[in-house]
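What's in target30.cif: mmCIF, C-alpha atoms
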data_run
loop_
_atom_site.label_atom_id
_atom_site.label_comp_id
_atom_site.auth_asym_id
_atom_site.auth_seq_id
_atom_site.Cartn_x
_atom_site.Cartn_y
_atom_site.Cartn_z
CA MET M 1 30.53 11.24 -113.28
CA ALA M 2 33.61 9.59 -111.79
CA PHE M 3 36.17 11.85 -113.51
CA PRO M 4 35.17 15.14 -111.82
CA ALA M 5 35.13 13.43 -108.42
CA VAL M 6 38.31 11.34 -108.39
CA GLY M 7 40.15 12.45 -111.52
CA PRO M 8 41.92 10.31 -114.16
CA VAL M 9 44.29 8.75 -111.64
CA GLY M 10 41.44 7.67 -109.39
CA VAL M 11 39.47 6.17 -112.27
CA VAL M 12 42.49 4.25 -113.58
CA ALA M 13 43.30 3.02 -110.07
CA VAL M 14 39.76 1.70 -109.59
CA ARG M 15 39.79 0.07 -113.03
CA GLN M 16 42.98 -1.82 -112.24
CA LEU M 17 41.82 -2.79 -108.74
CA VAL M 18 38.49 -4.08 -110.07
CA ALA M 19 40.21 -6.03 -112.85
CA ALA M 20 42.53 -7.68 -110.35
CA ALA M 21 39.72 -8.38 -107.87
CA VAL M 22 37.74 -10.18 -110.57
CA LEU M 23 40.47 -12.00 -112.50
CA LEU M 24 42.85 -13.17 -109.77
CA PRO M 25 40.37 -15.26 -107.73
CA LEU M 26 38.63 -16.43 -110.90
CA VAL M 27 41.76 -17.52 -112.80
CA ARG M 28 44.12 -18.32 -109.90
CA PRO M 29 47.33 -18.06 -111.95
CA ARG M 30 50.23 -20.34 -111.02
CA ILE M 31 52.71 -17.54 -110.60
CA ARG M 32 55.31 -19.79 -108.93
CA ASP M 33 55.57 -21.83 -112.11
CA PHE M 34 56.24 -18.86 -114.38
CA THR M 35 59.67 -18.67 -115.98
CA LEU M 36 61.71 -15.53 -116.65
CA SER M 37 60.60 -15.52 -120.30
CA GLN M 38 57.00 -15.46 -119.06
CA TRP M 39 57.50 -12.91 -116.30
CA TRP M 40 59.06 -10.09 -118.30
CA PRO M 41 56.14 -9.57 -120.72
CA ILE M 42 53.72 -9.82 -117.77
CA LEU M 43 55.53 -7.05 -115.87
CA LEU M 44 55.75 -4.85 -118.95
CA LEU M 45 52.07 -5.44 -119.69
CA ALA M 46 51.18 -4.46 -116.11
CA PHE M 47 53.04 -1.18 -116.58
CA VAL M 48 51.36 -0.57 -119.95
CA PHE M 49 47.89 -1.11 -118.45
CA GLY M 50 48.38 2.00 -116.35
CA THR M 51 50.23 4.25 -118.80
CA MET M 52 47.83 3.48 -121.67
CA ASN M 53 44.75 4.66 -119.80
CA LEU M 54 46.23 7.35 -117.60
CA SER M 55 48.04 9.15 -120.41
CA LEU M 56 44.92 9.10 -122.62
CA TYR M 57 42.67 10.51 -119.89
CA ALA M 58 45.20 13.21 -119.05
CA ALA M 59 45.56 14.07 -122.76
CA ILE M 60 41.78 14.38 -123.18
CA GLU M 61 41.70 16.89 -120.32
CA ARG M 62 44.29 19.05 -122.07
CA ILE M 63 43.64 18.76 -125.82
CA GLY M 64 40.12 17.37 -126.11
CA LEU M 65 38.69 14.01 -127.06
CA GLY M 66 39.00 14.26 -130.85
CA LEU M 67 42.71 15.04 -131.07
CA ALA M 68 43.61 12.71 -128.20
CA VAL M 69 41.82 9.73 -129.74
CA THR M 70 43.26 10.48 -133.19
CA LEU M 71 46.81 10.61 -131.88
CA GLU M 72 46.28 7.51 -129.76
CA PHE M 73 45.23 5.54 -132.84
CA LEU M 74 48.73 6.12 -134.23
CA GLY M 75 49.76 3.24 -131.93
CA PRO M 76 47.73 0.41 -133.49
CA LEU M 77 48.20 2.04 -136.91
CA ALA M 78 51.98 1.83 -136.48
CA VAL M 79 51.67 -1.83 -135.45
CA ALA M 80 49.52 -2.54 -138.51
CA LEU M 81 52.03 -0.92 -140.84
CA ALA M 82 55.19 -2.25 -139.17
CA THR M 83 54.13 -5.91 -138.90
CA THR M 84 53.10 -6.49 -142.50
CA ARG M 85 54.60 -6.15 -145.97
CA ASN M 86 51.30 -6.81 -147.70
CA LYS M 87 50.28 -3.73 -149.68
CA GLY M 88 46.60 -4.55 -149.24
CA SER M 89 46.97 -4.57 -145.46
CA MET M 90 48.87 -1.28 -145.55
CA PHE M 91 46.11 0.23 -147.68
CA CYS M 92 43.49 -0.93 -145.17
CA ALA M 93 45.45 0.59 -142.31
CA ALA M 94 45.76 3.92 -144.12
CA ILE M 95 42.04 4.01 -144.98
CA ALA M 96 41.11 3.12 -141.39
CA GLY M 97 43.34 5.95 -140.16
CA ALA M 98 41.62 8.39 -142.50
CA GLY M 99 38.26 7.18 -141.19
CA VAL M 100 39.32 7.80 -137.59
CA VAL M 101 40.34 11.35 -138.47
CA ALA M 102 37.00 11.92 -140.22
CA ILE M 103 34.99 10.74 -137.20
CA THR M 104 37.01 12.45 -134.48
CA GLN M 105 37.69 15.64 -136.49
CA PRO M 106 40.69 16.71 -134.39
CA GLU M 107 41.42 20.37 -133.91
CA ALA M 108 44.91 21.84 -133.89
CA SER M 109 46.50 22.41 -130.50
CA THR M 110 49.61 24.09 -129.13
CA ASP M 111 49.36 22.21 -125.85
CA TYR M 112 52.52 20.19 -126.38
CA ALA M 113 52.21 18.46 -123.03
CA GLY M 114 48.77 17.18 -124.02
CA ILE M 115 50.06 16.08 -127.42
CA GLY M 116 52.96 14.31 -125.72
CA LEU M 117 50.57 12.50 -123.38
CA ALA M 118 48.46 11.36 -126.35
CA LEU M 119 51.59 10.04 -128.07
CA ILE M 120 52.51 8.17 -124.89
CA ALA M 121 49.04 6.64 -125.02
CA ALA M 122 49.66 5.68 -128.65
CA SER M 123 52.98 4.04 -127.80
CA SER M 124 51.37 2.25 -124.87
CA TRP M 125 48.56 0.93 -127.07
CA ALA M 126 51.09 -0.39 -129.58
CA ALA M 127 53.05 -2.04 -126.77
CA TYR M 128 49.79 -3.44 -125.34
CA ILE M 129 49.04 -5.22 -128.64
CA LEU M 130 52.51 -6.73 -128.99
CA LEU M 131 52.86 -7.68 -125.31
CA ASN M 132 49.38 -9.19 -125.16
CA ARG M 133 50.26 -11.35 -128.14
CA THR M 134 53.50 -12.46 -126.45
CA VAL M 135 51.74 -13.23 -123.16
CA GLY M 136 49.02 -15.16 -124.96
CA ASN M 137 51.58 -17.28 -126.81
CA ARG M 138 53.72 -18.05 -123.77
CA ILE M 139 51.18 -18.54 -120.98
CA PRO M 140 48.10 -20.78 -121.18
CA GLY M 141 44.60 -19.45 -120.60
CA VAL M 142 44.31 -15.95 -119.20
CA GLN M 143 46.82 -16.49 -116.38
CA GLY M 144 49.18 -13.90 -117.83
CA THR M 145 46.53 -11.20 -118.06
CA ALA M 146 45.26 -11.94 -114.56
CA THR M 147 48.77 -11.70 -113.13
CA ALA M 148 49.46 -8.46 -114.99
CA THR M 149 46.29 -6.90 -113.57
CA GLY M 150 47.39 -7.95 -110.09
CA VAL M 151 50.79 -6.30 -110.51
CA SER M 152 49.20 -3.16 -111.98
CA ALA M 153 46.67 -3.00 -109.13
CA ALA M 154 49.48 -3.27 -106.58
CA LEU M 155 51.27 -0.34 -108.24
CA PHE M 156 48.12 1.81 -108.21
CA LEU M 157 46.92 0.83 -104.73
CA PRO M 158 48.79 3.55 -102.79
CA ILE M 159 47.73 6.18 -105.35
CA GLY M 160 44.14 5.00 -105.31
CA LEU M 161 43.96 5.04 -101.53
CA THR M 162 45.39 8.55 -101.41
CA VAL M 163 42.89 9.82 -103.98
CA PHE M 164 39.91 8.26 -102.23
CA ILE M 165 40.95 9.42 -98.77
CA THR M 166 41.49 13.00 -99.89
CA GLN M 167 38.55 13.25 -102.33
CA ARG M 168 36.01 11.11 -100.44
CA PRO M 169 33.81 10.17 -103.43
CA ASP M 170 30.19 9.18 -102.86
CA ALA M 171 28.73 5.72 -103.52
CA ALA M 172 27.42 6.62 -106.99
CA THR M 173 30.86 7.78 -108.11
CA VAL M 174 32.50 4.59 -106.82
CA LEU M 175 29.86 2.49 -108.55
CA CYS M 176 30.49 4.24 -111.87
CA ALA M 177 34.22 3.63 -111.51
CA ILE M 178 33.62 -0.05 -110.71
CA VAL M 179 31.37 -0.49 -113.75
CA ALA M 180 34.07 1.18 -115.86
CA GLY M 181 36.58 -1.30 -114.45
CA LEU M 182 34.41 -4.24 -115.48
CA LEU M 183 33.44 -3.03 -118.94
CA ALA M 184 36.61 -1.16 -119.90
CA SER M 185 39.26 -3.39 -118.30
CA VAL M 186 38.16 -6.93 -117.46
CA VAL M 187 36.20 -7.65 -120.65
CA PRO M 188 38.60 -6.01 -123.16
CA TYR M 189 41.73 -7.48 -121.53
CA ILE M 190 40.39 -11.02 -121.86
CA ALA M 191 38.90 -10.47 -125.32
CA ASP M 192 42.09 -8.93 -126.69
CA LEU M 193 44.26 -11.72 -125.29
CA VAL M 194 42.07 -14.42 -126.85
CA ALA M 195 41.87 -12.59 -130.18
CA LEU M 196 45.61 -12.00 -130.46
CA ARG M 197 46.27 -15.72 -130.16
CA SER M 198 44.77 -16.24 -133.61
CA VAL M 199 44.72 -12.79 -135.23
CA PRO M 200 47.93 -11.26 -136.65
CA ALA M 201 49.08 -8.07 -135.00
CA HIS M 202 48.66 -6.01 -138.20
CA LEU M 203 45.03 -7.14 -138.61
CA PHE M 204 44.30 -6.47 -134.95
CA GLY M 205 45.73 -2.97 -135.34
CA VAL M 206 43.37 -2.25 -138.23
CA LEU M 207 40.38 -3.69 -136.36
CA MET M 208 41.01 -1.33 -133.46
CA SER M 209 39.85 1.49 -135.73
CA ILE M 210 36.28 0.31 -135.13
CA ASN M 211 36.36 1.85 -131.62
CA PRO M 212 35.55 5.40 -132.81
CA VAL M 213 32.61 3.95 -134.76
CA PHE M 214 31.19 2.44 -131.57
CA ALA M 215 31.76 5.74 -129.77
CA ALA M 216 29.96 7.66 -132.52
CA ALA M 217 27.07 5.19 -132.50
CA ILE M 218 26.70 5.40 -128.71
CA GLY M 219 26.82 9.19 -128.89
CA ALA M 220 24.10 9.22 -131.53
CA ILE M 221 21.85 6.75 -129.70
CA ALA M 222 22.38 7.64 -126.04
CA LEU M 223 23.30 11.33 -126.26
CA ASN M 224 21.27 12.31 -129.34
CA GLU M 225 24.40 13.56 -131.07
CA GLU M 226 23.90 14.14 -134.78
CA LEU M 227 26.32 12.58 -137.26
CA GLY M 228 27.20 14.80 -140.22
CA ALA M 229 28.30 13.80 -143.70
CA VAL M 230 31.98 13.75 -142.70
CA GLU M 231 31.34 11.42 -139.75
CA TRP M 232 29.28 9.07 -141.92
CA ALA M 233 32.06 9.08 -144.51
CA GLY M 234 34.52 8.15 -141.75
CA ILE M 235 32.30 5.29 -140.62
CA VAL M 236 32.07 3.99 -144.19
CA LEU M 237 35.87 4.16 -144.57
CA ILE M 238 36.50 2.31 -141.31
CA VAL M 239 33.90 -0.39 -141.91
CA GLY M 240 35.15 -0.86 -145.47
CA ALA M 241 38.78 -1.06 -144.35
CA ASN M 242 37.92 -3.64 -141.69
CA ALA M 243 35.86 -5.72 -144.09
CA PHE M 244 38.61 -5.69 -146.72
CA ALA M 245 41.29 -6.52 -144.11
CA LEU M 246 39.25 -9.53 -142.95
CA ARG M 247 38.78 -10.62 -146.55
CA LEU M 248 42.53 -10.44 -147.10
CA ARG M 249 43.03 -12.54 -143.97
CA ARG M 250 40.72 -15.27 -145.26
#
Please express what this file holds, its structure, as structure tokens.
Amino acid sequence: MAFPAVGPVGVVAVRQLVAAAVLLPLVRPRIRDFTLSQWWPILLLAFVFGTMNLSLYAAIERIGLGLAVTLEFLGPLAVALATTRNKGSMFCAAIAGAGVVAITQPEASTDYAGIGLALIAASSWAAYILLNRTVGNRIPGVQGTATATGVSAALFLPIGLTVFITQRPDAATVLCAIVAGLLASVVPYIADLVALRSVPAHLFGVLMSINPVFAAAIGAIALNEELGAVEWAGIVLIVGANAFALRLRR
């Protein structure tokens, strides 16, 4: 509902503004005490917050959800493969990738701009994992994430204001965008930061493959979308890969 009214830029701007409005007063980060080694991953993470979401939404508009999501998963898949030498972990990552392809069933596209945007989203997701891990290790609590959302919100504020002044969305549209900011930004940012303090980057990259499974389940339950044999096979591959990766971790 929010996308047709304010577009991808407007939705991303609201998501970042909501995340900052919730986290900054709640966490109250001591930004004056941050050192240079703490500030640089925060600033990079703030930039990645925007590029990760904006490039994915723009890619979906051009090449469709299936191909965009498949290409985006190359980011965490690359992290999983690059940060481990364990053959079992590599096997899990490869199986999870195959499962994502089975669920999303991407179609070929000659829209190179859309493909490029999806690859930017993939690179941003990979950077998000590595930067979140660095921020979590260098800054206590969720101060780093809160500060990064504040910086990202400041960058998107002029764009967001322009979009909302020119588009004039109604209250329902704004509410949908705010809910998206809470559920798709505030909660995942905190959860990912906490998880990456104790979970290796390669395992986290594999576990991210579970997202298409959730999307398929929500589509089946809320939208009455039927899952075929290929989609069920993809779900089995992803769940199996995640279970085996966790077993290897233990």
Explicit residues for the PyMOL selection byres ((chain M and resi 31-42) around 10) (as a ChimeraX atom specification) | /M:28-30,43-48,128,130-139,143-149,151-152
Name all residues at most 8 Å from Gln105 (chain M) (count all atoms listed in the file; drop same-chain ones fewer than 4 positions away) and give them as an NGL selection string.
-> :M and (66-67 or 101)
Next, write the just-selected residues to a file, as an mmCIF file, in the frame of the given file, keeping C-alpha atoms as the atom set.
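This is the output file result35.cif:
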data_model
loop_
_atom_site.group_PDB
_atom_site.id
_atom_site.type_symbol
_atom_site.label_atom_id
_atom_site.label_comp_id
_atom_site.auth_asym_id
_atom_site.auth_seq_id
_atom_site.Cartn_x
_atom_site.Cartn_y
_atom_site.Cartn_z
ATOM 1 C CA GLY M 66 39.000 14.260 -130.850
ATOM 2 C CA LEU M 67 42.710 15.040 -131.070
ATOM 3 C CA VAL M 101 40.340 11.350 -138.470
#
Which polymer residues, protein or nucleic acid, are no farther than 10 Å from (52.3, 16.4, -125.1), counting only C-alpha atoms, as an mmCIF file with C-alpha atoms, in the coordinates of the input?
data_model
loop_
_atom_site.group_PDB
_atom_site.id
_atom_site.type_symbol
_atom_site.label_atom_id
_atom_site.label_comp_id
_atom_site.auth_asym_id
_atom_site.auth_seq_id
_atom_site.Cartn_x
_atom_site.Cartn_y
_atom_site.Cartn_z
ATOM 1 C CA SER M 55 48.040 9.150 -120.410
ATOM 2 C CA ALA M 58 45.200 13.210 -119.050
ATOM 3 C CA ALA M 59 45.560 14.070 -122.760
ATOM 4 C CA ARG M 62 44.290 19.050 -122.070
ATOM 5 C CA ILE M 63 43.640 18.760 -125.820
ATOM 6 C CA ALA M 68 43.610 12.710 -128.200
ATOM 7 C CA SER M 109 46.500 22.410 -130.500
ATOM 8 C CA THR M 110 49.610 24.090 -129.130
ATOM 9 C CA ASP M 111 49.360 22.210 -125.850
ATOM 10 C CA TYR M 112 52.520 20.190 -126.380
ATOM 11 C CA ALA M 113 52.210 18.460 -123.030
ATOM 12 C CA GLY M 114 48.770 17.180 -124.020
ATOM 13 C CA ILE M 115 50.060 16.080 -127.420
ATOM 14 C CA GLY M 116 52.960 14.310 -125.720
ATOM 15 C CA LEU M 117 50.570 12.500 -123.380
ATOM 16 C CA ALA M 118 48.460 11.360 -126.350
ATOM 17 C CA LEU M 119 51.590 10.040 -128.070
ATOM 18 C CA ILE M 120 52.510 8.170 -124.890
#
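The spacing separating CA of Ser185 (chain M) from CA of Ala21 (chain M) amounts to 11.6 Å.
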Contacts of Leu157 (chain M) within 10 Å, only C-alpha atoms, excl. fewer than 2 positions in-chain, as number ranges by chain = M: 10, 13-14, 16-17, 151-155, 159-163
What does the distance from CA of Phe164 (chain M) to CA of Thr51 (chain M) come to in Å, to one decimal?
->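 Value for the CA of Phe164 (chain M)-CA of Thr51 (chain M) distance: 19.9 Å.
Minimum atom-to-atom distances from M:Thr83, M:Ser89, M:Asn224, M:Gln167 to Asn242 (chain M) were compared using all atoms listed in the file, and the lowest value belongs to M:Ser89.
As for CA of Arg15 (chain M) and CA of Leu54 (chain M), they are spaced 10.7 Å apart.
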With only C-alpha atoms as the basis for distance, which of M:Leu26, M:Val69, M:Val18, M:Ile165 is at the shortest distance from Ala102 (chain M)?
->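 Closest to Ala102 (chain M), using only C-alpha atoms: M:Val69.
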For this file, the PyMOL selection byres ((chain M and resi 241) around 9) selects which residues, as an MDAnalysis selection string?
-> chainID M and resid 89 91:96 99 206:207 236:240 242:246
Give one line per residue of region 201-227 of chain M that approaches region 76-79 of chain M to at most 7 Å, naming the two atoms of the closest pair and their distance in Å to one decimal, counting all atoms listed in the file; sort by chain then ascending residue number and deliver it as CSV.
residue,atom,partner,partner_atom,distance
M:Ala201,CA,M:Val79,CA,6.8
M:His202,CA,M:Val79,CA,5.8
M:Gly205,CA,M:Pro76,CA,4.3
M:Val206,CA,M:Leu77,CA,6.6
M:Met208,CA,M:Pro76,CA,6.9
For each of M:Ala217, M:Ala19, M:Leu65, M:Ala171, take the minimum atom-to-atom distance to Pro106 (chain M), counting only C-alpha atoms, then give the residue where this is smallest.
->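 Closest to Pro106 (chain M) of all the choices is M:Leu65.
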What does the PyMOL selection byres ((chain M and resi 191) around 12) select in this file, as a ChimeraX atom specification?
-> /M:129,132-133,136,141-142,145,183-190,192-199,204
